[in-house]
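A.B. asks: You'll find input21.txt just under this line, and it carries compact mmCIF, C-alpha atoms and all ligand atoms.
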```
# COMPACT_ATOMS: atom_id res chain seq x y z
CA MET A 16 -124.40 -59.62 -61.26
CA ARG A 17 -125.03 -63.21 -62.38
CA GLN A 18 -128.09 -63.82 -64.54
CA ILE A 19 -130.19 -67.01 -64.49
CA ILE A 20 -132.66 -67.37 -67.37
CA VAL A 21 -135.43 -69.95 -67.30
CA ILE A 22 -137.12 -70.64 -70.67
CA GLY A 23 -140.65 -72.07 -70.49
CA ALA A 24 -143.08 -70.61 -67.97
CA GLY A 25 -145.07 -73.75 -67.15
CA GLN A 26 -145.08 -75.99 -64.09
CA ALA A 27 -141.34 -76.71 -64.08
CA GLY A 28 -140.24 -73.15 -64.93
CA ALA A 29 -142.40 -71.64 -62.20
CA SER A 30 -141.22 -74.21 -59.65
CA CYS A 31 -137.58 -73.57 -60.55
CA VAL A 32 -137.68 -69.77 -60.12
CA ALA A 33 -139.66 -70.02 -56.88
CA LYS A 34 -137.20 -72.53 -55.44
CA LEU A 35 -134.24 -70.36 -56.44
CA ARG A 36 -135.59 -67.33 -54.60
CA ASN A 37 -136.94 -69.27 -51.64
CA GLY A 38 -133.54 -70.98 -51.39
CA GLY A 39 -131.80 -67.62 -51.02
CA CYS A 40 -130.49 -67.09 -54.56
CA THR A 41 -129.64 -63.41 -55.08
CA ASP A 42 -128.81 -63.57 -58.80
CA LEU A 43 -130.95 -61.85 -61.43
CA ILE A 44 -133.72 -64.27 -62.41
CA THR A 45 -135.77 -64.02 -65.62
CA LEU A 46 -138.61 -66.38 -66.55
CA ILE A 47 -139.55 -66.36 -70.23
CA GLY A 48 -142.70 -67.98 -71.62
CA ALA A 49 -144.25 -68.16 -75.07
CA GLU A 50 -147.83 -68.12 -73.76
CA PRO A 51 -149.29 -64.69 -72.96
CA VAL A 52 -150.28 -65.73 -69.39
CA ILE A 53 -148.46 -66.16 -66.11
CA PRO A 54 -147.69 -69.80 -65.18
CA TYR A 55 -150.77 -71.93 -64.59
CA GLN A 56 -151.66 -75.55 -63.86
CA ARG A 57 -152.50 -77.70 -66.87
CA PRO A 58 -154.35 -80.66 -65.27
CA PRO A 59 -157.65 -78.72 -64.77
CA LEU A 60 -157.65 -77.86 -68.49
CA SER A 61 -159.17 -81.26 -69.26
CA LYS A 62 -161.10 -81.43 -65.98
CA ALA A 63 -162.62 -78.68 -63.80
CA TYR A 64 -161.67 -75.72 -66.04
CA LEU A 65 -163.12 -77.36 -69.17
CA MET A 66 -166.23 -78.21 -67.15
CA GLY A 67 -166.57 -74.52 -66.25
CA ASP A 68 -166.12 -75.28 -62.53
CA MET A 69 -162.86 -73.36 -62.07
CA ASP A 70 -162.02 -69.80 -62.99
CA LEU A 71 -158.79 -68.48 -64.46
CA GLU A 72 -157.50 -66.98 -61.21
CA ARG A 73 -157.55 -70.40 -59.56
CA LEU A 74 -155.64 -71.88 -62.48
CA TYR A 75 -152.61 -69.66 -61.83
CA LEU A 76 -149.84 -71.40 -59.90
CA ARG A 77 -149.04 -68.19 -58.02
CA PRO A 78 -150.46 -64.67 -58.22
CA GLU A 79 -148.56 -62.17 -60.37
CA SER A 80 -147.54 -60.32 -57.20
CA PHE A 81 -145.44 -63.33 -56.16
CA TYR A 82 -143.02 -62.74 -59.02
CA ARG A 83 -142.90 -58.99 -58.35
CA ASP A 84 -142.36 -59.48 -54.61
CA HIS A 85 -139.57 -61.98 -55.26
CA ASP A 86 -137.85 -59.86 -57.86
CA ILE A 87 -138.39 -62.39 -60.67
CA SER A 88 -138.62 -60.73 -64.10
CA LEU A 89 -141.41 -62.18 -66.22
CA ARG A 90 -141.31 -62.08 -70.01
CA MET A 91 -144.62 -63.64 -71.05
CA GLY A 92 -145.78 -63.91 -74.67
CA THR A 93 -142.13 -64.21 -75.68
CA ASN A 94 -140.77 -67.02 -77.80
CA VAL A 95 -137.07 -67.82 -77.50
CA THR A 96 -135.85 -68.66 -80.98
CA SER A 97 -132.27 -69.84 -80.43
CA ILE A 98 -129.50 -70.47 -77.92
CA HIS A 99 -125.84 -69.69 -78.57
CA SER A 100 -124.07 -71.71 -75.93
CA ASP A 101 -120.54 -70.51 -76.80
CA ALA A 102 -121.52 -66.87 -76.38
CA GLN A 103 -123.93 -67.71 -73.49
CA THR A 104 -126.74 -65.79 -75.13
CA ILE A 105 -130.28 -66.44 -76.27
CA SER A 106 -132.25 -64.79 -79.05
CA LEU A 107 -135.81 -63.60 -78.72
CA GLY A 108 -136.28 -62.62 -82.34
CA GLU A 109 -134.20 -59.44 -82.74
CA GLU A 110 -133.32 -59.15 -79.05
CA THR A 111 -130.37 -60.91 -77.38
CA LEU A 112 -130.01 -61.73 -73.68
CA SER A 113 -126.93 -63.04 -71.87
CA TYR A 114 -127.00 -65.71 -69.20
CA ASP A 115 -124.68 -67.33 -66.71
CA ASP A 116 -126.98 -70.30 -66.08
CA LEU A 117 -129.79 -71.29 -68.42
CA VAL A 118 -132.69 -73.63 -67.56
CA LEU A 119 -134.87 -75.21 -70.25
CA THR A 120 -138.40 -76.08 -69.10
CA THR A 121 -140.03 -76.10 -72.52
CA GLY A 122 -142.53 -78.91 -71.85
CA SER A 123 -144.19 -80.95 -74.58
CA VAL A 124 -145.66 -80.48 -78.00
CA PRO A 125 -148.97 -82.21 -78.79
CA ARG A 126 -149.09 -84.40 -81.88
CA ARG A 127 -151.55 -83.03 -84.42
CA LEU A 128 -153.43 -84.77 -87.20
CA PRO A 129 -151.81 -84.12 -90.58
CA ALA A 130 -153.45 -81.56 -92.86
CA GLN A 131 -153.82 -84.24 -95.59
CA ILE A 132 -156.46 -85.99 -93.46
CA GLY A 133 -158.21 -82.80 -92.40
CA GLY A 134 -156.18 -81.98 -89.32
CA ASP A 135 -156.11 -78.29 -90.26
CA LEU A 136 -159.90 -77.91 -90.55
CA GLU A 137 -161.61 -75.48 -88.21
CA GLY A 138 -163.14 -77.20 -85.23
CA VAL A 139 -160.24 -79.63 -84.71
CA TYR A 140 -158.62 -79.06 -81.33
CA VAL A 141 -155.80 -80.33 -79.15
CA VAL A 142 -155.82 -79.99 -75.35
CA ARG A 143 -152.48 -78.59 -74.32
CA ASP A 144 -152.69 -74.86 -73.55
CA LEU A 145 -155.19 -72.51 -71.99
CA ALA A 146 -155.76 -71.02 -75.45
CA ASP A 147 -156.69 -74.47 -76.83
CA VAL A 148 -159.32 -74.97 -74.15
CA ASP A 149 -160.69 -71.43 -74.34
CA ALA A 150 -161.09 -71.95 -78.10
CA MET A 151 -163.03 -75.20 -77.77
CA ALA A 152 -165.11 -74.26 -74.69
CA PRO A 153 -168.00 -72.64 -76.64
CA GLN A 154 -168.52 -75.98 -78.43
CA PHE A 155 -169.31 -77.72 -75.15
CA GLN A 156 -173.09 -77.35 -75.47
CA ALA A 157 -175.59 -80.14 -74.79
CA GLY A 158 -176.47 -81.98 -77.99
CA GLN A 159 -173.24 -81.15 -79.85
CA ARG A 160 -171.56 -84.16 -81.46
CA VAL A 161 -167.89 -84.52 -80.62
CA LEU A 162 -165.41 -87.05 -81.95
CA ILE A 163 -162.46 -87.71 -79.69
CA VAL A 164 -159.46 -89.26 -81.38
CA GLY A 165 -157.27 -91.19 -78.95
CA GLY A 166 -158.15 -93.14 -75.83
CA GLY A 167 -155.39 -91.98 -73.50
CA TYR A 168 -155.96 -90.01 -70.31
CA ILE A 169 -156.42 -86.64 -72.03
CA GLY A 170 -158.99 -88.01 -74.50
CA LEU A 171 -160.86 -89.86 -71.77
CA GLU A 172 -160.95 -86.82 -69.48
CA ALA A 173 -162.30 -84.66 -72.31
CA ALA A 174 -164.89 -87.38 -73.05
CA SER A 175 -165.94 -87.36 -69.41
CA VAL A 176 -166.48 -83.59 -69.34
CA ALA A 177 -168.34 -83.67 -72.67
CA ALA A 178 -170.62 -86.52 -71.57
CA LYS A 179 -171.35 -84.77 -68.25
CA LEU A 180 -172.38 -81.65 -70.17
CA GLY A 181 -174.76 -83.63 -72.37
CA LEU A 182 -172.76 -83.83 -75.59
CA LYS A 183 -172.96 -86.87 -77.83
CA VAL A 184 -169.48 -88.37 -77.56
CA THR A 185 -167.74 -90.89 -79.81
CA LEU A 186 -164.17 -91.88 -78.98
CA VAL A 187 -162.00 -93.83 -81.40
CA GLU A 188 -158.87 -95.65 -80.38
CA MET A 189 -156.68 -97.22 -83.02
CA ALA A 190 -155.09 -99.74 -80.63
CA ASP A 191 -156.99 -102.81 -79.44
CA ARG A 192 -158.03 -101.06 -76.27
CA ILE A 193 -158.10 -97.64 -74.64
CA LEU A 194 -155.13 -96.84 -72.35
CA GLN A 195 -153.14 -99.64 -74.03
CA ARG A 196 -149.88 -97.70 -73.90
CA VAL A 197 -150.10 -96.86 -70.22
CA ALA A 198 -152.19 -99.42 -68.37
CA ALA A 199 -153.15 -103.07 -68.03
CA ARG A 200 -156.23 -104.58 -69.60
CA GLN A 201 -158.01 -104.48 -66.23
CA THR A 202 -157.71 -100.67 -66.05
CA SER A 203 -158.83 -100.34 -69.68
CA ASP A 204 -161.87 -102.53 -68.94
CA TYR A 205 -162.73 -100.44 -65.89
CA PHE A 206 -162.67 -97.13 -67.77
CA ARG A 207 -164.42 -98.51 -70.87
CA ALA A 208 -167.32 -99.66 -68.68
CA LEU A 209 -167.36 -96.33 -66.81
CA HIS A 210 -167.57 -94.31 -70.03
CA ARG A 211 -170.16 -96.57 -71.62
CA SER A 212 -172.32 -96.24 -68.50
CA HIS A 213 -172.30 -92.48 -69.19
CA GLY A 214 -173.35 -92.95 -72.80
CA VAL A 215 -169.95 -92.49 -74.48
CA GLU A 216 -169.51 -94.62 -77.59
CA ILE A 217 -166.04 -96.16 -77.45
CA LEU A 218 -164.69 -97.75 -80.62
CA GLU A 219 -161.45 -99.70 -80.17
CA GLY A 220 -159.25 -101.10 -82.90
CA VAL A 221 -160.70 -98.35 -85.10
CA GLY A 222 -158.62 -95.52 -86.47
CA LEU A 223 -159.48 -92.28 -88.16
CA ASN A 224 -159.05 -92.37 -91.94
CA ARG A 225 -159.83 -88.70 -92.46
CA LEU A 226 -161.91 -85.76 -91.41
CA VAL A 227 -164.21 -84.11 -93.91
CA GLY A 228 -165.58 -80.59 -94.31
CA GLU A 229 -165.10 -77.47 -96.43
CA ASP A 230 -163.38 -75.11 -94.00
CA GLU A 231 -164.95 -76.50 -90.85
CA VAL A 232 -164.95 -80.15 -89.86
CA ARG A 233 -168.34 -81.75 -90.49
CA GLY A 234 -167.66 -85.48 -90.45
CA ALA A 235 -165.19 -88.30 -90.11
CA ILE A 236 -164.46 -91.46 -92.05
CA LEU A 237 -163.17 -94.25 -89.83
CA SER A 238 -160.86 -97.14 -90.71
CA ASP A 239 -163.77 -99.62 -90.61
CA GLY A 240 -165.39 -97.61 -93.41
CA SER A 241 -168.10 -96.07 -91.24
CA GLU A 242 -168.93 -92.37 -91.52
CA LEU A 243 -169.81 -90.06 -88.69
CA ASP A 244 -171.35 -86.58 -88.58
CA VAL A 245 -169.53 -84.38 -86.08
CA ASP A 246 -169.66 -80.78 -84.88
CA PHE A 247 -166.10 -80.74 -83.61
CA VAL A 248 -163.09 -83.00 -82.96
CA ILE A 249 -160.62 -83.27 -80.11
CA THR A 250 -157.37 -85.10 -80.70
CA GLY A 251 -155.48 -86.68 -77.84
CA VAL A 252 -152.93 -88.69 -79.75
CA GLY A 253 -149.93 -88.09 -77.58
CA ILE A 254 -147.18 -85.56 -77.06
CA GLY A 255 -143.49 -85.33 -77.75
CA PRO A 256 -140.81 -83.49 -75.79
CA ALA A 257 -140.25 -79.86 -76.88
CA THR A 258 -136.61 -80.14 -77.91
CA ALA A 259 -136.42 -77.77 -80.92
CA LEU A 260 -134.86 -74.94 -78.92
CA ALA A 261 -132.35 -77.26 -77.21
CA GLU A 262 -131.31 -78.49 -80.64
CA THR A 263 -130.29 -74.95 -81.65
CA ALA A 264 -127.72 -75.14 -78.85
CA GLY A 265 -126.48 -78.53 -80.05
CA LEU A 266 -127.53 -80.19 -76.80
CA LYS A 267 -127.72 -83.99 -76.73
CA ILE A 268 -131.23 -85.31 -77.30
CA ASP A 269 -132.33 -88.81 -76.32
CA ASN A 270 -136.14 -89.10 -76.14
CA GLY A 271 -136.08 -85.57 -74.72
CA ILE A 272 -133.28 -83.23 -73.68
CA LYS A 273 -130.71 -85.56 -72.19
CA VAL A 274 -129.86 -84.57 -68.62
CA ASP A 275 -127.83 -86.24 -65.90
CA ALA A 276 -129.12 -87.06 -62.43
CA MET A 277 -128.53 -83.44 -61.39
CA GLY A 278 -130.55 -82.04 -64.28
CA ARG A 279 -127.52 -80.83 -66.23
CA THR A 280 -127.60 -81.09 -70.04
CA SER A 281 -124.60 -81.92 -72.24
CA CYS A 282 -123.54 -78.25 -71.78
CA SER A 283 -122.40 -77.58 -68.22
CA ASN A 284 -124.27 -74.30 -67.54
CA ILE A 285 -127.49 -75.34 -69.28
CA TRP A 286 -129.97 -77.29 -67.20
CA ALA A 287 -133.37 -78.75 -68.03
CA ALA A 288 -136.40 -80.09 -66.16
CA GLY A 289 -139.94 -81.36 -66.64
CA ASP A 290 -141.66 -82.96 -69.64
CA CYS A 291 -138.89 -81.96 -72.07
CA THR A 292 -136.19 -84.10 -70.42
CA SER A 293 -135.10 -87.70 -70.27
CA PHE A 294 -133.12 -88.55 -67.16
CA PRO A 295 -131.47 -91.54 -65.44
CA TYR A 296 -133.91 -93.81 -63.62
CA GLN A 297 -132.96 -97.15 -62.08
CA THR A 298 -130.95 -98.93 -64.79
CA GLY A 299 -132.07 -96.84 -67.76
CA ARG A 300 -133.47 -93.44 -68.77
CA ILE A 301 -137.06 -92.24 -68.74
CA ARG A 302 -139.16 -89.23 -69.65
CA LEU A 303 -142.19 -88.46 -67.51
CA GLU A 304 -145.19 -86.31 -68.44
CA SER A 305 -146.50 -85.36 -65.01
CA VAL A 306 -146.83 -82.47 -62.60
CA PRO A 307 -145.00 -84.13 -59.67
CA ASN A 308 -142.00 -84.83 -61.92
CA ALA A 309 -141.98 -81.26 -63.28
CA ILE A 310 -141.98 -79.81 -59.75
CA ASP A 311 -139.47 -82.17 -58.13
CA GLN A 312 -136.97 -82.18 -60.99
CA ALA A 313 -137.14 -78.38 -61.38
CA GLU A 314 -136.59 -77.86 -57.66
CA THR A 315 -133.58 -80.18 -57.77
CA VAL A 316 -132.17 -78.15 -60.67
CA ALA A 317 -132.67 -74.92 -58.69
CA GLU A 318 -130.83 -76.39 -55.71
CA ASN A 319 -128.00 -77.59 -57.94
CA ILE A 320 -127.61 -74.16 -59.54
CA MET A 321 -127.14 -72.93 -55.96
CA GLY A 322 -124.42 -75.58 -55.51
CA ALA A 323 -126.23 -78.42 -53.73
CA GLU A 324 -124.97 -81.23 -56.01
CA LYS A 325 -128.20 -83.10 -55.36
CA THR A 326 -129.34 -86.18 -57.29
CA TYR A 327 -132.91 -86.33 -58.56
CA VAL A 328 -134.58 -89.61 -57.62
CA ALA A 329 -137.99 -89.70 -59.31
CA LYS A 330 -140.91 -91.16 -57.39
CA PRO A 331 -143.44 -91.43 -60.21
CA TRP A 332 -147.10 -90.81 -59.46
CA PHE A 333 -150.00 -89.47 -61.50
CA TRP A 334 -153.74 -88.93 -61.28
CA SER A 335 -156.77 -88.58 -63.53
CA ASP A 336 -160.36 -87.51 -62.81
CA GLN A 337 -163.22 -88.93 -64.86
CA TYR A 338 -166.87 -88.53 -63.76
CA ASP A 339 -166.88 -89.24 -60.02
CA VAL A 340 -163.82 -91.50 -60.20
CA LYS A 341 -160.39 -90.41 -59.05
CA LEU A 342 -157.62 -92.57 -60.46
CA GLN A 343 -154.31 -92.40 -58.63
CA ILE A 344 -151.27 -94.17 -60.03
CA ALA A 345 -148.13 -94.96 -58.06
CA GLY A 346 -144.94 -96.21 -59.68
CA LEU A 347 -144.22 -97.19 -63.27
CA ASN A 348 -145.65 -100.40 -64.72
CA THR A 349 -142.99 -100.85 -67.43
CA GLY A 350 -142.27 -104.51 -68.10
CA TYR A 351 -144.92 -105.86 -65.73
CA THR A 352 -145.43 -109.62 -65.77
CA GLU A 353 -148.55 -109.97 -63.60
CA VAL A 354 -151.51 -107.88 -62.47
CA VAL A 355 -153.44 -108.59 -59.28
CA SER A 356 -156.96 -107.14 -58.96
CA ARG A 357 -158.52 -105.86 -55.76
CA ILE A 358 -162.19 -105.28 -56.46
CA GLY A 359 -164.00 -103.35 -53.77
CA GLU A 360 -167.54 -102.09 -53.56
CA GLY A 361 -169.12 -99.78 -56.10
CA GLN A 362 -166.42 -98.06 -58.12
CA THR A 363 -163.61 -98.85 -55.70
CA SER A 364 -160.94 -101.02 -57.31
CA SER A 365 -157.20 -101.22 -57.61
CA PHE A 366 -154.85 -103.08 -59.90
CA TRP A 367 -151.40 -104.03 -58.66
CA TYR A 368 -148.58 -104.54 -61.17
CA TYR A 369 -145.74 -106.97 -60.41
CA ARG A 370 -142.55 -107.48 -62.35
CA ASP A 371 -141.16 -110.94 -61.62
CA GLY A 372 -142.74 -110.87 -58.18
CA LEU A 373 -141.78 -107.30 -57.30
CA LEU A 374 -144.54 -104.70 -56.90
CA VAL A 375 -143.82 -101.88 -59.39
CA ALA A 376 -147.07 -99.91 -59.78
CA VAL A 377 -150.64 -99.53 -58.57
CA ASP A 378 -153.66 -98.06 -60.36
CA ALA A 379 -156.18 -97.15 -57.64
CA MET A 380 -159.71 -96.01 -58.49
CA ASN A 381 -161.55 -94.24 -55.68
CA ASP A 382 -159.22 -96.01 -53.27
CA PRO A 383 -156.74 -93.53 -51.77
CA ARG A 384 -155.70 -96.08 -49.17
CA ALA A 385 -154.59 -98.65 -51.77
CA TYR A 386 -152.76 -95.88 -53.60
CA MET A 387 -151.00 -94.60 -50.49
CA ILE A 388 -149.93 -98.01 -49.25
CA GLY A 389 -148.91 -99.13 -52.73
CA LYS A 390 -146.82 -96.00 -53.17
CA ARG A 391 -145.03 -96.48 -49.87
CA LEU A 392 -144.31 -100.13 -50.65
CA ILE A 393 -142.95 -99.31 -54.12
CA GLU A 394 -140.76 -96.50 -52.81
CA ALA A 395 -139.38 -98.80 -50.10
CA GLY A 396 -138.68 -101.51 -52.70
CA LYS A 397 -141.03 -103.87 -50.85
CA SER A 398 -143.47 -106.22 -52.49
CA ALA A 399 -147.02 -107.13 -51.42
CA ASP A 400 -148.48 -110.59 -50.94
CA PRO A 401 -150.95 -111.08 -53.83
CA ALA A 402 -153.20 -113.12 -51.53
CA VAL A 403 -153.65 -110.08 -49.26
CA VAL A 404 -153.92 -107.62 -52.15
CA SER A 405 -156.63 -109.60 -53.96
CA ASP A 406 -158.82 -109.91 -50.85
CA PRO A 407 -160.78 -106.63 -50.58
CA THR A 408 -161.65 -107.41 -46.94
CA ALA A 409 -157.96 -107.79 -45.96
CA ASP A 410 -156.28 -104.82 -44.29
CA LEU A 411 -153.40 -103.57 -46.46
CA LYS A 412 -151.55 -101.68 -43.74
CA PRO A 413 -149.74 -104.68 -42.21
CA LEU A 414 -148.00 -105.09 -45.60
CA LEU A 415 -145.92 -102.03 -44.76
CA LYS A 416 -144.45 -103.73 -41.69
CA LYS A 417 -143.12 -106.79 -43.54
P1 LIG B 1 -145.41 -77.13 -69.51
O1 LIG B 1 -146.25 -77.02 -68.29
O2 LIG B 1 -145.95 -77.69 -70.73
O3 LIG B 1 -144.67 -75.76 -69.76
C1 LIG B 1 -143.81 -75.54 -70.84
C2 LIG B 1 -143.93 -74.09 -71.27
O4 LIG B 1 -142.80 -73.75 -72.06
C3 LIG B 1 -145.16 -73.81 -72.13
O5 LIG B 1 -145.91 -72.75 -71.60
C4 LIG B 1 -144.56 -73.43 -73.48
O6 LIG B 1 -145.33 -72.46 -74.18
C5 LIG B 1 -143.21 -72.84 -73.08
N1 LIG B 1 -142.23 -72.85 -74.15
C6 LIG B 1 -141.86 -73.89 -74.95
N2 LIG B 1 -140.91 -73.50 -75.82
C7 LIG B 1 -140.66 -72.19 -75.59
C8 LIG B 1 -139.80 -71.22 -76.18
N3 LIG B 1 -138.97 -71.53 -77.20
N4 LIG B 1 -139.81 -69.95 -75.70
C9 LIG B 1 -140.63 -69.61 -74.67
N5 LIG B 1 -141.47 -70.50 -74.07
C10 LIG B 1 -141.49 -71.77 -74.51
N6 LIG B 1 -150.08 -84.30 -65.10
C11 LIG B 1 -150.43 -84.91 -63.95
O7 LIG B 1 -149.53 -85.24 -63.16
N7 LIG B 1 -151.73 -85.16 -63.62
C12 LIG B 1 -152.75 -84.78 -64.45
O8 LIG B 1 -153.91 -85.03 -64.14
C13 LIG B 1 -152.44 -84.13 -65.67
N8 LIG B 1 -153.41 -83.70 -66.50
C14 LIG B 1 -153.08 -82.99 -67.62
C15 LIG B 1 -154.08 -82.48 -68.42
C16 LIG B 1 -153.77 -81.74 -69.56
C17 LIG B 1 -154.87 -81.19 -70.42
C18 LIG B 1 -152.40 -81.53 -69.91
C19 LIG B 1 -152.08 -80.74 -71.15
C20 LIG B 1 -151.41 -82.03 -69.12
C21 LIG B 1 -151.73 -82.77 -67.96
N9 LIG B 1 -150.73 -83.27 -67.13
C22 LIG B 1 -151.06 -83.90 -65.97
C23 LIG B 1 -149.32 -83.13 -67.50
C24 LIG B 1 -148.69 -81.95 -66.81
O9 LIG B 1 -149.51 -80.82 -66.93
C25 LIG B 1 -147.32 -81.71 -67.42
O10 LIG B 1 -146.54 -82.87 -67.18
C26 LIG B 1 -146.64 -80.49 -66.83
O11 LIG B 1 -147.35 -79.32 -67.13
C27 LIG B 1 -145.22 -80.38 -67.35
O12 LIG B 1 -144.65 -79.18 -66.93
P2 LIG B 1 -143.48 -78.49 -67.78
O13 LIG B 1 -143.17 -77.24 -67.07
O14 LIG B 1 -142.45 -79.49 -68.06
O15 LIG B 1 -144.16 -78.14 -69.17
```
Would you kindly transcribe this structure into structure tokens?
C.D. replies:
Amino acid sequence: MRQIIVIGAGQAGASCVAKLRNGGCTDLITLIGAEPVIPYQRPPLSKAYLMGDMDLERLYLRPESFYRDHDISLRMGTNVTSIHSDAQTISLGEETLSYDDLVLTTGSVPRRLPAQIGGDLEGVYVVRDLADVDAMAPQFQAGQRVLIVGGGYIGLEAASVAAKLGLKVTLVEMADRILQRVAARQTSDYFRALHRSHGVEILEGVGLNRLVGEDEVRGAILSDGSELDVDFVITGVGIGPATALAETAGLKIDNGIKVDAMGRTSCSNIWAAGDCTSFPYQTGRIRLESVPNAIDQAETVAENIMGAEKTYVAKPWFWSDQYDVKLQIAGLNTGYTEVVSRIGEGQTSSFWYYRDGLLVAVDAMNDPRAYMIGKRLIEAGKSADPAVVSDPTADLKPLLKK
């Protein structure tokens, strides 16, 4: 009997095996994951789960019985150490398994602060896995002083939870503004004001020189020379694609495991999906770090293993929750040349990104309608009259008909 092995039991791995079975695949299917838990959703780790508003059961993508009932073998707590593509085998330490088709869904690796600047002190955390969040959760007590390094979405979400729980929060961002890598100045301004209104101290254009402490972190020295007493530190300084395993197989790497539009790597019976891949998009290649991409790309791979020859066409979208604001992002703002603001009442706002007159992305805060219409316009390749967009009293729906 043919054997399909999926390595990496996160969002993409779980979606791939489910799609294989639900699509009628009768091969042996094994899902292997390094973490000692069945596949779960990561987004709540920096939101409801960190806040203590969501229990572990609700974090799981599917109950354990799903895998049993669908005859999917789970090997959790198991690290795959190498791939031998000529022999079509993988090594799990001493053990060897053979495959006919192999799928890599190994996700991302968080960047960590170097040990030379105190990155290995106790009380310095990243937010990637359930274990990371379970380890830091006891620190989330009112009055504790937390330093957050990095003003991207993960850092800002952690800041939001900490502030809501009454911690004293300082966030440092080395770039000129928070969210600089991913959003326009207008979105940065919106979230800076939101966090400051909740008492978070945001320092921009300020880096971390080093952390100090004996074994445990006790303070930080910042690039402007200031010193800070802290009880713990969270770093959200970005992630990189987890390609180390793919490299053992000699697969081509290009800002992630290089796959074609079908999700096939440079070796014909090895596929990949999710955060760990870069794939063709419009005229270039991209890598996306998002749940919708992990699900859709992994499902396409499953269908292609079953012979569909389907092309993956990414429709990028993303969300973030901070305080009582839901941010929804449609499209990709790469190379934008203009941003049009639509300022509604209270916290409702949206920012529309144009590239040479074409609408390419929308950041919508507490405005699901702007998000939904923006997304449909972008996916249809239509633009949106800036005069209509910038008038918060103007109905957006007629834009879809043009
Ligand atoms: P992962 O879910 O990371 O799964 C990869 C798995 O592979 C891991 O469990 C890893 O241990 C395992 N693995 C790696 N190497 C090996 C090996 N050699 N052997 C065995 N197992 C291995 N996205 C959104 O769209 N919206 C959000 O609001 C959002 N919030 C997020 C908040 C947090 C805190 C984090 C961490 C991520 C968030 N994301 C969000 C991103 C989203 O969770 C990821 O894009 C998604 O999980 C990617 O899925 P994946 O399956 O590619 O990788």
A.B. asks: Do you know which residues are at most 9 Å from Gln156 in chain A counting only C-alpha atoms, after dropping those on the same chain fewer than 4 positions away, and could you put them as a PDB file with C-alpha atoms, in the coordinates of the input?
C.D. replies:
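Output below, filename result-v4.pdb:
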```pdb
ATOM      1  CA  ALA A 152    -165.110 -74.260 -74.690  1.00  0.00           C
ATOM      2  CA  ALA A 177    -168.340 -83.670 -72.670  1.00  0.00           C
ATOM      3  CA  LEU A 180    -172.380 -81.650 -70.170  1.00  0.00           C
ATOM      4  CA  GLY A 181    -174.760 -83.630 -72.370  1.00  0.00           C
ATOM      5  CA  LEU A 182    -172.760 -83.830 -75.590  1.00  0.00           C
TER       6      LEU A 182
END
```
A.B. asks: Residues up to 6 Å from ligand LIG 1 (chain B), counting all atoms listed in the file: could you list those as a PyMOL selection string?
C.D. replies: chain A and resi 22-28+47-50+57-58+60-61+93-96+120-123+142-143+169+260+289-291+304-307+309+333-335
A.B. asks: Name the closest residue to Asp144 in chain A among the candidates A:Pro54, A:Asp191, A:Ile163, A:Pro401; distances are taken between atoms, counting only C-alpha atoms.
C.D. replies: A:Pro54
A.B. asks: Between A:Gln131, A:Ser100, A:Gln337, A:Asn381, which is the closest to Lys179 in chain A once you count all atoms listed in the file?
C.D. replies: A:Gln337
A.B. asks: Using all atoms listed in the file, which residue out of A:Val215, A:Lys330, A:Ala313, A:Arg207 lies closest to Ser30 in chain A?
C.D. replies: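 So, comparing all the options, the nearest one is A:Ala313.
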A.B. asks: Please identify all polymer residues lying at most 10 Å from the point (-157.0, -106.9, -59.3) (file coordinates), using only C-alpha atoms, and present the result as a list in words.
C.D. replies: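 Counting only C-alpha atoms, I find these residues within 10 Å of (-157.0, -106.9, -59.3): Gln201, Thr202, Glu353, Val354, Val355, Ser356, Arg357, Ile358, Gly359, Ser364, Ser365, Phe366, Trp367, Tyr368, Val377, Asp378, Ala379, Pro401, Val404, Ser405, Asp406 and Pro407 of chain A.
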A.B. asks: Would you mind reading off the distance between CA of Tyr55 in chain A and CA of Val139 in chain A, one decimal, in Å?
C.D. replies: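 We find that CA of Tyr55 in chain A and CA of Val139 in chain A lie 23.5 Å from each other.
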A.B. asks: Mind pulling up the distance from CA of Pro125 in chain A to CA of Asn348 in chain A?
C.D. replies: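 Taking CA of Asn348 in chain A and CA of Pro125 in chain A, their separation equals 23.2 Å.
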A.B. asks: What does the structure give for the distance between CA of Arg126 in chain A and CA of Ala261 in chain A, in Å to one decimal?
C.D. replies: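 CA of Ala261 in chain A lies 18.8 Å from CA of Arg126 in chain A.
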A.B. asks: Nearest residue to Asn319 in chain A out of A:Asp86, A:Asp116, A:Glu110, A:Asp244, using only C-alpha atoms?
C.D. replies: A:Asp116
A.B. asks: Which centre and edge lengths in Å to one decimal define the box along x, y and z that fits every listed atom of range 353-367 of chain A plus 6 Å per side, as AutoDock Vina command-line options?
C.D. replies:
```
--center_x -158.8 --center_y -104.0 --center_z -58.6 --size_x 32.6 --size_y 23.9 --size_z 22.0
```
A.B. asks: Counting all atoms listed in the file, which of A:Pro153, A:Gly39, A:Pro78, A:Gly361 gets nearest to Leu65 in chain A?
C.D. replies: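 Using all atoms listed in the file, Leu65 in chain A sits closest to A:Pro153.
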